[in-house]
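Structure below is data.pdb: PDB, C-alpha atoms.
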ATOM      1  CA  MET R   1       4.804 -17.988   0.898
ATOM      2  CA  ASN R   2       8.524 -18.364   0.460
ATOM      3  CA  ASN R   3      10.063 -16.171  -2.252
ATOM      4  CA  VAL R   4      12.297 -18.996  -3.485
ATOM      5  CA  MET R   5      11.452 -22.018  -5.581
ATOM      6  CA  LYS R   6      11.404 -25.309  -3.705
ATOM      7  CA  ALA R   7      14.710 -27.126  -3.974
ATOM      8  CA  LYS R   8      14.602 -30.318  -5.989
ATOM      9  CA  SER R   9      14.749 -33.569  -4.096
ATOM     10  CA  SER R  10      17.510 -35.994  -5.009
ATOM     11  CA  LEU R  11      15.465 -38.831  -3.551
ATOM     12  CA  ASP R  12      12.664 -39.322  -6.006
ATOM     13  CA  VAL R  13      12.093 -36.467  -8.425
ATOM     14  CA  GLU R  14      13.858 -35.491 -11.615
ATOM     15  CA  PHE R  15      12.987 -31.969 -12.678
ATOM     16  CA  GLY R  16      12.631 -30.567 -16.164
ATOM     17  CA  PRO R  17      13.425 -26.999 -17.289
ATOM     18  CA  LEU R  18      12.965 -23.839 -15.246
ATOM     19  CA  GLU R  19       9.462 -23.266 -13.902
ATOM     20  CA  GLY R  20       7.619 -21.053 -11.444
ATOM     21  CA  VAL R  21       5.484 -17.936 -11.146
ATOM     22  CA  LEU R  22       6.867 -14.430 -11.539
ATOM     23  CA  LEU R  23       4.884 -11.587  -9.958
ATOM     24  CA  LEU R  24       5.606  -8.714 -12.308
ATOM     25  CA  ASP R  25       4.849  -5.051 -11.648
ATOM     26  CA  LYS R  26       3.878  -4.096 -15.203
ATOM     27  CA  PRO R  27       4.781  -0.568 -16.283
ATOM     28  CA  ASN R  28       2.384   1.606 -18.243
ATOM     29  CA  THR R  29       2.611   2.218 -22.005
ATOM     30  CA  ILE R  30       3.349  -1.442 -22.840
ATOM     31  CA  SER R  31       0.878  -4.253 -23.366
ATOM     32  CA  SER R  32       0.644  -7.353 -21.200
ATOM     33  CA  ASN R  33       1.964  -9.407 -24.106
ATOM     34  CA  ALA R  34       4.968  -7.116 -24.525
ATOM     35  CA  ALA R  35       5.696  -7.510 -20.809
ATOM     36  CA  LEU R  36       5.372 -11.279 -21.169
ATOM     37  CA  GLN R  37       7.824 -11.386 -24.073
ATOM     38  CA  ALA R  38      10.314  -9.238 -22.143
ATOM     39  CA  VAL R  39      10.175 -11.702 -19.242
ATOM     40  CA  ARG R  40      10.586 -14.665 -21.593
ATOM     41  CA  LYS R  41      13.701 -13.086 -23.067
ATOM     42  CA  LEU R  42      15.208 -12.558 -19.608
ATOM     43  CA  PHE R  43      14.518 -16.168 -18.628
ATOM     44  CA  GLY R  44      15.915 -17.791 -21.773
ATOM     45  CA  ARG R  45      12.805 -17.967 -23.981
ATOM     46  CA  VAL R  46      11.105 -20.482 -21.681
ATOM     47  CA  LYS R  47       7.433 -21.275 -22.343
ATOM     48  CA  ALA R  48       5.337 -18.656 -20.549
ATOM     49  CA  GLY R  49       1.884 -17.137 -20.208
ATOM     50  CA  HIS R  50       0.233 -14.413 -18.125
ATOM     51  CA  THR R  51      -2.879 -14.783 -16.004
ATOM     52  CA  GLY R  52      -5.073 -11.894 -17.083
ATOM     53  CA  THR R  53      -4.506  -8.946 -19.396
ATOM     54  CA  LEU R  54      -3.884  -5.420 -18.152
ATOM     55  CA  ASP R  55      -4.557  -2.451 -20.448
ATOM     56  CA  PRO R  56      -1.364  -0.831 -21.823
ATOM     57  CA  LEU R  57      -1.985   2.317 -19.740
ATOM     58  CA  ALA R  58      -2.573   0.279 -16.564
ATOM     59  CA  THR R  59       0.213  -0.681 -14.204
ATOM     60  CA  GLY R  60       0.526  -3.260 -11.490
ATOM     61  CA  LEU R  61       0.348  -6.936 -10.712
ATOM     62  CA  LEU R  62       0.740  -9.262 -13.694
ATOM     63  CA  PRO R  63       1.563 -12.855 -12.681
ATOM     64  CA  ILE R  64       3.532 -14.652 -15.374
ATOM     65  CA  CYS R  65       3.742 -18.435 -15.363
ATOM     66  CA  LEU R  66       6.958 -19.995 -16.650
ATOM     67  CA  GLY R  67       7.447 -23.547 -17.877
ATOM     68  CA  GLU R  68       5.194 -26.164 -16.283
ATOM     69  CA  ALA R  69       3.448 -23.488 -14.208
ATOM     70  CA  THR R  70       1.457 -22.522 -17.322
ATOM     71  CA  LYS R  71      -0.601 -25.703 -16.802
ATOM     72  CA  PHE R  72      -2.051 -24.365 -13.558
ATOM     73  CA  SER R  73      -2.772 -20.695 -14.318
ATOM     74  CA  SER R  74      -6.567 -20.973 -14.447
ATOM     75  CA  GLY R  75      -6.895 -20.475 -10.690
ATOM     76  CA  LEU R  76      -5.626 -16.897 -10.877
ATOM     77  CA  LEU R  77      -7.767 -16.165 -13.919
ATOM     78  CA  GLU R  78     -10.835 -16.905 -11.782
ATOM     79  CA  ALA R  79      -9.648 -15.028  -8.674
ATOM     80  CA  ASP R  80     -10.973 -11.659  -7.471
ATOM     81  CA  LYS R  81      -8.933  -8.618  -8.500
ATOM     82  CA  THR R  82      -8.129  -5.458  -6.532
ATOM     83  CA  TYR R  83      -7.455  -2.128  -8.255
ATOM     84  CA  GLU R  84      -6.600   1.442  -7.382
ATOM     85  CA  ALA R  85      -8.396   3.663  -9.881
ATOM     86  CA  LEU R  86      -8.101   7.401 -10.446
ATOM     87  CA  VAL R  87     -11.467   8.665 -11.695
ATOM     88  CA  GLY R  88     -11.802  12.117 -13.234
ATOM     89  CA  LEU R  89     -15.228  13.678 -12.725
ATOM     90  CA  GLY R  90     -16.797  16.242 -15.031
ATOM     91  CA  MET R  91     -15.870  14.710 -18.396
ATOM     92  CA  VAL R  92     -16.742  11.771 -20.669
ATOM     93  CA  THR R  93     -14.256  10.568 -23.289
ATOM     94  CA  THR R  94     -14.612   8.498 -26.434
ATOM     95  CA  THR R  95     -12.689   5.599 -24.910
ATOM     96  CA  GLY R  96     -13.783   5.908 -21.286
ATOM     97  CA  ASP R  97     -10.195   6.607 -20.240
ATOM     98  CA  ALA R  98      -7.492   9.254 -20.568
ATOM     99  CA  GLU R  99      -6.569   8.197 -24.117
ATOM    100  CA  GLY R 100      -9.860   9.340 -25.610
ATOM    101  CA  GLU R 101     -11.138  12.715 -26.676
ATOM    102  CA  ALA R 102     -13.651  14.648 -24.586
ATOM    103  CA  ILE R 103     -17.228  14.305 -25.834
ATOM    104  CA  PHE R 104     -19.042  15.784 -22.807
ATOM    105  CA  ARG R 105     -18.164  18.127 -19.967
ATOM    106  CA  GLY R 106     -20.424  18.392 -16.930
ATOM    107  CA  ASP R 107     -20.855  20.508 -13.821
ATOM    108  CA  THR R 108     -19.235  18.804 -10.810
ATOM    109  CA  ALA R 109     -20.816  21.062  -8.181
ATOM    110  CA  GLY R 110     -21.927  18.837  -5.291
ATOM    111  CA  ALA R 111     -20.644  15.679  -6.978
ATOM    112  CA  ILE R 112     -18.081  14.869  -4.286
ATOM    113  CA  GLU R 113     -20.722  15.202  -1.564
ATOM    114  CA  ARG R 114     -23.026  12.750  -3.367
ATOM    115  CA  LEU R 115     -20.237  10.322  -4.216
ATOM    116  CA  PRO R 116     -20.335   8.119  -1.050
ATOM    117  CA  HIS R 117     -24.020   7.340  -1.621
ATOM    118  CA  VAL R 118     -23.423   6.611  -5.319
ATOM    119  CA  LEU R 119     -20.527   4.256  -4.525
ATOM    120  CA  THR R 120     -22.702   2.100  -2.271
ATOM    121  CA  SER R 121     -25.030   1.459  -5.227
ATOM    122  CA  PHE R 122     -22.219  -0.459  -6.955
ATOM    123  CA  LEU R 123     -21.700  -2.983  -4.161
ATOM    124  CA  GLY R 124     -22.721  -6.563  -4.844
ATOM    125  CA  GLU R 125     -23.793  -8.104  -8.122
ATOM    126  CA  ILE R 126     -24.360  -5.547 -10.876
ATOM    127  CA  GLU R 127     -25.071  -5.487 -14.602
ATOM    128  CA  GLN R 128     -22.232  -4.033 -16.662
ATOM    129  CA  LEU R 129     -22.080  -3.249 -20.383
ATOM    130  CA  PRO R 130     -18.588  -4.119 -21.703
ATOM    131  CA  PRO R 131     -16.893  -1.114 -23.348
ATOM    132  CA  MET R 132     -16.242  -0.959 -27.066
ATOM    133  CA  PHE R 133     -12.572  -0.462 -26.263
ATOM    134  CA  SER R 134     -12.111  -4.012 -24.981
ATOM    135  CA  ALA R 135     -10.652  -7.302 -26.229
ATOM    136  CA  ILE R 136     -14.017  -9.077 -26.384
ATOM    137  CA  LYS R 137     -14.343 -10.799 -29.746
ATOM    138  CA  TYR R 138     -17.114 -10.146 -32.270
ATOM    139  CA  GLN R 139     -16.989 -12.223 -35.470
ATOM    140  CA  GLY R 140     -13.390 -13.103 -34.698
ATOM    141  CA  ARG R 141     -12.161  -9.545 -34.156
ATOM    142  CA  PRO R 142     -11.704  -7.650 -30.866
ATOM    143  CA  LEU R 143     -14.202  -4.885 -30.204
ATOM    144  CA  TYR R 144     -11.493  -2.223 -30.010
ATOM    145  CA  GLU R 145     -10.749  -2.719 -33.719
ATOM    146  CA  TYR R 146     -14.365  -1.830 -34.551
ATOM    147  CA  ALA R 147     -14.230   1.107 -32.123
ATOM    148  CA  ARG R 148     -11.117   2.520 -33.791
ATOM    149  CA  ALA R 149     -12.934   2.268 -37.112
ATOM    150  CA  GLY R 150     -15.831   4.284 -35.698
ATOM    151  CA  LYS R 151     -18.241   1.341 -35.507
ATOM    152  CA  ASP R 152     -20.440   0.537 -32.517
ATOM    153  CA  ILE R 153     -21.262  -3.140 -32.039
ATOM    154  CA  PRO R 154     -24.327  -4.217 -30.009
ATOM    155  CA  ARG R 155     -23.211  -5.817 -26.733
ATOM    156  CA  GLU R 156     -24.991  -7.724 -23.989
ATOM    157  CA  THR R 157     -24.656  -6.744 -20.355
ATOM    158  CA  ARG R 158     -22.726  -9.045 -18.036
ATOM    159  CA  ARG R 159     -23.151  -9.802 -14.359
ATOM    160  CA  VAL R 160     -20.093  -8.920 -12.295
ATOM    161  CA  THR R 161     -19.590  -8.492  -8.566
ATOM    162  CA  ILE R 162     -18.098  -5.525  -6.730
ATOM    163  CA  GLU R 163     -16.947  -6.879  -3.374
ATOM    164  CA  ASP R 164     -15.696  -3.552  -2.045
ATOM    165  CA  ILE R 165     -15.366   0.027  -3.273
ATOM    166  CA  ALA R 166     -13.851   2.770  -1.144
ATOM    167  CA  MET R 167     -12.521   6.304  -1.531
ATOM    168  CA  LEU R 168      -8.787   6.672  -0.903
ATOM    169  CA  ALA R 169      -8.241  10.346  -1.725
ATOM    170  CA  ILE R 170      -9.860  13.415  -3.308
ATOM    171  CA  ASP R 171      -7.977  16.055  -5.286
ATOM    172  CA  GLY R 172     -10.311  18.597  -6.848
ATOM    173  CA  ASP R 173     -12.461  16.639  -9.321
ATOM    174  CA  ASP R 174     -10.171  13.587  -9.218
ATOM    175  CA  VAL R 175     -11.106  10.725  -6.921
ATOM    176  CA  SER R 176      -8.881   7.747  -6.031
ATOM    177  CA  LEU R 177     -10.808   4.537  -5.413
ATOM    178  CA  ARG R 178      -9.914   1.048  -4.252
ATOM    179  CA  ILE R 179     -12.092  -1.549  -5.955
ATOM    180  CA  ARG R 180     -12.164  -5.302  -5.268
ATOM    181  CA  CYS R 181     -14.180  -7.127  -7.886
ATOM    182  CA  SER R 182     -14.840 -10.376  -9.688
ATOM    183  CA  LYS R 183     -13.083 -11.404 -12.875
ATOM    184  CA  GLY R 184     -14.369  -9.733 -16.030
ATOM    185  CA  THR R 185     -15.122  -6.392 -14.359
ATOM    186  CA  TYR R 186     -14.237  -3.366 -16.499
ATOM    187  CA  ILE R 187     -13.008  -0.563 -14.248
ATOM    188  CA  ARG R 188     -13.285   2.042 -17.016
ATOM    189  CA  THR R 189     -16.981   1.172 -17.212
ATOM    190  CA  VAL R 190     -17.272   1.570 -13.433
ATOM    191  CA  ALA R 191     -15.705   5.034 -13.782
ATOM    192  CA  GLN R 192     -18.114   5.984 -16.570
ATOM    193  CA  ASP R 193     -21.133   4.665 -14.663
ATOM    194  CA  ILE R 194     -20.141   6.581 -11.530
ATOM    195  CA  GLY R 195     -19.993   9.781 -13.566
ATOM    196  CA  GLU R 196     -23.350   9.014 -15.154
ATOM    197  CA  LYS R 197     -25.031   8.467 -11.783
ATOM    198  CA  LEU R 198     -23.551  11.719 -10.496
ATOM    199  CA  GLY R 199     -24.803  13.485 -13.626
ATOM    200  CA  CYS R 200     -21.471  15.147 -14.369
ATOM    201  CA  GLY R 201     -19.699  12.421 -16.336
ATOM    202  CA  GLY R 202     -16.563  10.508 -15.457
ATOM    203  CA  TYR R 203     -13.628   8.725 -17.011
ATOM    204  CA  LEU R 204     -10.688   6.570 -15.920
ATOM    205  CA  LYS R 205      -7.486   8.616 -15.637
ATOM    206  CA  ALA R 206      -5.174   5.920 -14.258
ATOM    207  CA  LEU R 207      -5.398   2.308 -13.122
ATOM    208  CA  ARG R 208      -3.157   0.086 -11.016
ATOM    209  CA  ARG R 209      -3.867  -3.556 -10.167
ATOM    210  CA  THR R 210      -2.708  -4.186  -6.613
ATOM    211  CA  GLY R 211      -4.020  -7.665  -5.903
ATOM    212  CA  ILE R 212      -5.138 -10.965  -7.411
ATOM    213  CA  GLY R 213      -6.624 -13.372  -4.899
ATOM    214  CA  THR R 214      -4.099 -13.547  -2.048
ATOM    215  CA  LEU R 215      -1.261 -12.066  -4.147
ATOM    216  CA  HIS R 216      -0.221  -8.456  -3.557
ATOM    217  CA  ILE R 217       1.717  -5.885  -5.560
ATOM    218  CA  GLY R 218       4.226  -5.552  -2.711
ATOM    219  CA  GLU R 219       5.578  -8.986  -3.653
ATOM    220  CA  ALA R 220       6.133  -8.045  -7.314
ATOM    221  CA  VAL R 221       9.301  -7.099  -9.203
ATOM    222  CA  THR R 222       9.806  -4.592 -12.021
ATOM    223  CA  LEU R 223      11.259  -5.295 -15.448
ATOM    224  CA  ASP R 224      14.121  -2.894 -14.711
ATOM    225  CA  THR R 225      15.098  -4.844 -11.599
ATOM    226  CA  LEU R 226      14.989  -8.130 -13.492
ATOM    227  CA  ALA R 227      17.041  -6.740 -16.358
ATOM    228  CA  ALA R 228      19.758  -5.573 -13.965
ATOM    229  CA  ALA R 229      19.890  -8.916 -12.122
ATOM    230  CA  THR R 230      22.009 -11.992 -12.813
ATOM    231  CA  PRO R 231      20.245 -15.206 -13.964
ATOM    232  CA  GLU R 232      20.669 -16.618 -10.452
ATOM    233  CA  GLU R 233      19.137 -13.509  -8.889
ATOM    234  CA  ARG R 234      16.192 -13.634 -11.297
ATOM    235  CA  ALA R 235      15.453 -17.212 -10.267
ATOM    236  CA  HIS R 236      14.942 -16.032  -6.698
ATOM    237  CA  TRP R 237      11.959 -13.962  -7.852
ATOM    238  CA  LEU R 238      10.142 -17.112  -8.951
ATOM    239  CA  TRP R 239       7.455 -18.458  -6.659
ATOM    240  CA  PRO R 240       6.693 -22.199  -6.500
ATOM    241  CA  THR R 241       4.217 -23.495  -9.070
ATOM    242  CA  ASP R 242       1.882 -24.882  -6.397
ATOM    243  CA  MET R 243       1.114 -21.371  -5.126
ATOM    244  CA  LEU R 244      -1.348 -21.208  -8.031
ATOM    245  CA  LEU R 245      -3.449 -23.869  -6.293
ATOM    246  CA  ASP R 246      -2.963 -22.829  -2.675
ATOM    247  CA  LYS R 247      -6.707 -22.701  -1.984
ATOM    248  CA  LEU R 248      -7.144 -26.401  -2.780
ATOM    249  CA  PRO R 249      -6.829 -29.213  -0.215
ATOM    250  CA  LEU R 250      -3.402 -30.862  -0.028
ATOM    251  CA  VAL R 251      -3.116 -34.615  -0.598
ATOM    252  CA  THR R 252       0.107 -36.583  -0.137
ATOM    253  CA  VAL R 253       0.396 -39.946  -1.866
ATOM    254  CA  ASP R 254       2.960 -42.625  -1.099
ATOM    255  CA  ALA R 255       5.743 -43.647  -3.499
ATOM    256  CA  VAL R 256       3.513 -46.141  -5.296
ATOM    257  CA  GLY R 257       0.720 -43.575  -5.561
ATOM    258  CA  ALA R 258       3.143 -40.993  -6.939
ATOM    259  CA  LEU R 259       4.182 -43.390  -9.684
ATOM    260  CA  ALA R 260       0.537 -44.201 -10.425
ATOM    261  CA  VAL R 261      -0.656 -40.604 -10.854
ATOM    262  CA  MET R 262       2.390 -39.706 -12.951
ATOM    263  CA  GLN R 263       1.436 -42.598 -15.244
ATOM    264  CA  GLY R 264      -2.170 -41.414 -15.476
ATOM    265  CA  ARG R 265      -3.695 -43.873 -12.998
ATOM    266  CA  CYS R 266      -5.629 -43.418  -9.766
ATOM    267  CA  ALA R 267      -3.937 -43.577  -6.374
ATOM    268  CA  ASN R 268      -5.145 -44.337  -2.859
ATOM    269  CA  THR R 269      -5.391 -41.528  -0.310
ATOM    270  CA  ALA R 270      -5.596 -41.573   3.463
ATOM    271  CA  ASP R 271      -8.820 -39.521   3.453
ATOM    272  CA  ASP R 272     -11.952 -41.067   1.952
ATOM    273  CA  ARG R 273     -14.000 -37.909   2.602
ATOM    274  CA  LEU R 274     -12.223 -35.668   0.112
ATOM    275  CA  GLN R 275     -14.085 -34.747  -3.062
ATOM    276  CA  GLY R 276     -13.163 -32.420  -5.910
ATOM    277  CA  ASN R 277      -9.890 -30.835  -6.973
ATOM    278  CA  VAL R 278      -6.809 -31.306  -4.793
ATOM    279  CA  ARG R 279      -3.078 -30.545  -4.835
ATOM    280  CA  LEU R 280      -0.995 -33.708  -5.121
ATOM    281  CA  TYR R 281       2.404 -34.183  -3.448
ATOM    282  CA  ASP R 282       4.852 -37.071  -3.172
ATOM    283  CA  PRO R 283       6.113 -38.399   0.212
ATOM    284  CA  HIS R 284       8.948 -35.838   0.235
ATOM    285  CA  GLY R 285       6.644 -32.853  -0.231
ATOM    286  CA  GLU R 286       7.297 -32.237  -3.936
ATOM    287  CA  PHE R 287       4.335 -30.927  -5.898
ATOM    288  CA  LEU R 288       3.117 -33.413  -8.521
ATOM    289  CA  GLY R 289       0.087 -31.670  -9.999
ATOM    290  CA  LEU R 290      -3.682 -31.282  -9.894
ATOM    291  CA  GLY R 291      -5.846 -34.248  -8.972
ATOM    292  CA  SER R 292      -9.510 -35.031  -8.397
ATOM    293  CA  ALA R 293     -10.641 -36.941  -5.305
ATOM    294  CA  ASN R 294     -13.789 -39.048  -5.642
ATOM    295  CA  GLY R 295     -14.812 -39.284  -1.984
ATOM    296  CA  ASN R 296     -14.013 -42.998  -1.792
ATOM    297  CA  GLY R 297     -10.339 -42.820  -0.960
ATOM    298  CA  LEU R 298      -9.121 -42.513  -4.541
ATOM    299  CA  VAL R 299      -7.585 -39.591  -6.392
ATOM    300  CA  ALA R 300      -7.290 -39.335 -10.179
ATOM    301  CA  PRO R 301      -4.669 -37.205 -11.965
ATOM    302  CA  LYS R 302      -6.041 -34.226 -13.922
ATOM    303  CA  ARG R 303      -3.009 -32.109 -14.810
ATOM    304  CA  MET R 304       0.468 -33.214 -13.846
ATOM    305  CA  ARG R 305       3.910 -31.637 -13.953
ATOM    306  CA  ALA R 306       6.307 -33.118 -16.501
ATOM    307  CA  HIS R 307       8.892 -34.803 -14.321
ATOM    308  CA  ARG R 308       9.809 -38.386 -13.619
ATOM    309  CA  VAL R 309       9.225 -40.091 -10.283
ATOM    310  CA  SER R 310      11.342 -43.110  -9.340
ATOM    311  CA  VAL R 311      10.375 -45.536  -6.584
ATOM    312  CA  PRO R 312      12.068 -48.548  -4.937
ATOM    313  CA  LEU R 313      11.987 -51.763  -6.946
ATOM    314  CA  ALA R 314      10.077 -53.461  -4.167
ATOM    315  CA  ALA R 315       7.310 -50.897  -4.490
ATOM    316  CA  VAL R 316       7.162 -51.345  -8.265
ATOM    317  CA  ALA R 317       6.938 -55.110  -7.779
ATOM    318  CA  SER R 318       3.899 -54.615  -5.567
ATOM    319  CA  LEU R 319       2.037 -53.153  -8.532
ATOM    320  CA  THR R 320       2.323 -56.375 -10.555
TER     321      THR R 320
END

Take the structure in this file and express it as structure tokens.
Amino acid sequence: MNNVMKAKSSLDVEFGPLEGVLLLDKPNTISSNAALQAVRKLFGRVKAGHTGTLDPLATGLLPICLGEATKFSSGLLEADKTYEALVGLGMVTTTGDAEGEAIFRGDTAGAIERLPHVLTSFLGEIEQLPPMFSAIKYQGRPLYEYARAGKDIPRETRRVTIEDIAMLAIDGDDVSLRIRCSKGTYIRTVAQDIGEKLGCGGYLKALRRTGIGTLHIGEAVTLDTLAAATPEERAHWLWPTDMLLDKLPLVTVDAVGALAVMQGRCANTADDRLQGNVRLYDPHGEFLGLGSANGNGLVAPKRMRAHRVSVPLAAVASLT
């Protein structure tokens, strides 16, 4: 992917306000929403949204969609996530992480030797009980509000998938893990469950998100770097909006088709075998939006960018 937004075409597209995807390296101690608002301020209060909350104590990859890119953020919400987690063995806390108070201390003798076998038991689809210190809503309020009030709310287990879990380093009773998992996986619960299976207890000491789908933390920028940059330099950290849909098939429509989909009508495609969601582009390679192909050579618009497409008068006449 190119770390610069696509240049606008003077031939057939008129662009609206600033848009794109910022890959932010979120610092700890601030919430995802606070990070979002800081980015909005730096980019002139443009409409924005993030693609998956990180706990305040967690750091790492937080994609933020600006402008029209907010329409296409659902793809990253569904994508697998990769984390580096520091798990402390020998203790259980009230919150499951380093913010809580110790409520159990266990003997870690032999725990490290048994750990590889325990980790393999987490691979694949597992049942996970969401923690009380989470943003899941119960009667309109997040669970963490009940937890802070000392109340325990009954929760149902959820099925999540651990694609990969591996040890990165060991330092005494602290173990660094790399975990690739499905959306909705609570890493603090993984840490607690590891400690429970070892019999000594465990809690999450630190967490860093390093990947979402094909995106990697190495491509991200910090708030400090953005704050020190000029507006022009900040714009170069924006990725093209269509990177949010890069796993979908690409469909190019002609000038007449571009006008049709931007007006909410179906367009002809060159491939009558395509079915399902597709990325739509005009003849000059500009991204138009998300479409749905029906397998009969037609594509219908589903979610389009807000810009105007102009076509030759002769082409418009052909529509009448």

Separation of CA of Tyr203 in chain R from CA of Ser32 in chain R, in Å and rounded to one decimal: 21.9 Å

When you look at Arg45 in chain R with a cut-off of 10 Å (counting only C-alpha atoms), what residues show up, excluding the ones that are within fewer than 6 positions of it in the same chain? I need them as a list in words.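 So, after excluding close chain neighbours, the residues are Gln37, Ala38, Val39, Leu66 and Gly67 of chain R.
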
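Interatomic distance, CA of Ile136 in chain R to CA of Lys151 in chain R: 14.5 Å.
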
What residues come out when you apply the PyMOL selection byres ((chain R and resi 36) around 10) to this file, written as number ranges by chain? R: 24, 26, 31-35, 37-41, 48-50, 62-66

Selected residues, C-alpha atoms, written as a PDB file, in the coordinates of the input, please.
ATOM      1  CA  LEU R  24       5.606  -8.714 -12.308  1.00  0.00           C
ATOM      2  CA  LYS R  26       3.878  -4.096 -15.203  1.00  0.00           C
ATOM      3  CA  SER R  31       0.878  -4.253 -23.366  1.00  0.00           C
ATOM      4  CA  SER R  32       0.644  -7.353 -21.200  1.00  0.00           C
ATOM      5  CA  ASN R  33       1.964  -9.407 -24.106  1.00  0.00           C
ATOM      6  CA  ALA R  34       4.968  -7.116 -24.525  1.00  0.00           C
ATOM      7  CA  ALA R  35       5.696  -7.510 -20.809  1.00  0.00           C
ATOM      8  CA  GLN R  37       7.824 -11.386 -24.073  1.00  0.00           C
ATOM      9  CA  ALA R  38      10.314  -9.238 -22.143  1.00  0.00           C
ATOM     10  CA  VAL R  39      10.175 -11.702 -19.242  1.00  0.00           C
ATOM     11  CA  ARG R  40      10.586 -14.665 -21.593  1.00  0.00           C
ATOM     12  CA  LYS R  41      13.701 -13.086 -23.067  1.00  0.00           C
ATOM     13  CA  ALA R  48       5.337 -18.656 -20.549  1.00  0.00           C
ATOM     14  CA  GLY R  49       1.884 -17.137 -20.208  1.00  0.00           C
ATOM     15  CA  HIS R  50       0.233 -14.413 -18.125  1.00  0.00           C
ATOM     16  CA  LEU R  62       0.740  -9.262 -13.694  1.00  0.00           C
ATOM     17  CA  PRO R  63       1.563 -12.855 -12.681  1.00  0.00           C
ATOM     18  CA  ILE R  64       3.532 -14.652 -15.374  1.00  0.00           C
ATOM     19  CA  CYS R  65       3.742 -18.435 -15.363  1.00  0.00           C
ATOM     20  CA  LEU R  66       6.958 -19.995 -16.650  1.00  0.00           C
TER      21      LEU R  66
END

For Met243 in chain R, which of R:Arg279, R:Gly285, R:Gly295, R:Ala258 is the closest residue, counting only C-alpha atoms?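 Distance minimum relative to Met243 in chain R lands on R:Arg279.
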
Let me know the residues the PyMOL selection byres ((chain R and resi 90) around 7) catches in the file above, as a PyMOL selection string. chain R and resi 88-89+91+105-108+200-202

Selected residues, C-alpha atoms, written as a PDB file, keeping the file's coordinate frame, please.
ATOM      1  CA  GLY R  88     -11.802  12.117 -13.234  1.00  0.00           C
ATOM      2  CA  LEU R  89     -15.228  13.678 -12.725  1.00  0.00           C
ATOM      3  CA  MET R  91     -15.870  14.710 -18.396  1.00  0.00           C
ATOM      4  CA  ARG R 105     -18.164  18.127 -19.967  1.00  0.00           C
ATOM      5  CA  GLY R 106     -20.424  18.392 -16.930  1.00  0.00           C
ATOM      6  CA  ASP R 107     -20.855  20.508 -13.821  1.00  0.00           C
ATOM      7  CA  THR R 108     -19.235  18.804 -10.810  1.00  0.00           C
ATOM      8  CA  CYS R 200     -21.471  15.147 -14.369  1.00  0.00           C
ATOM      9  CA  GLY R 201     -19.699  12.421 -16.336  1.00  0.00           C
ATOM     10  CA  GLY R 202     -16.563  10.508 -15.457  1.00  0.00           C
TER      11      GLY R 202
END

What are the centre and edge lengths in Å, to one decimal, of the axis-aligned box around all listed atoms of range 122-129 of chain R with 6 Å added on each side, as AutoDock Vina command-line options?
--center_x -23.4 --center_y -4.3 --center_z -12.3 --size_x 15.4 --size_y 19.6 --size_z 28.2

Please enumerate the residues selected by the PyMOL selection byres ((chain R and resi 98) around 9) when evaluated against the supplied file, formatted as JSON, numbers by chain. {"R": [57, 88, 93, 95, 96, 97, 99, 100, 101, 203, 204, 205, 206]}

Ser182 in chain R surroundings by all atoms listed in the file, 7 Å radius, close-in-sequence under 5 positions cut, as a PDB file with C-alpha atoms, in the coordinates of the input:
ATOM      1  CA  ASP R  80     -10.973 -11.659  -7.471  1.00  0.00           C
ATOM      2  CA  LYS R  81      -8.933  -8.618  -8.500  1.00  0.00           C
ATOM      3  CA  VAL R 160     -20.093  -8.920 -12.295  1.00  0.00           C
ATOM      4  CA  THR R 161     -19.590  -8.492  -8.566  1.00  0.00           C
ATOM      5  CA  ILE R 162     -18.098  -5.525  -6.730  1.00  0.00           C
TER       6      ILE R 162
END
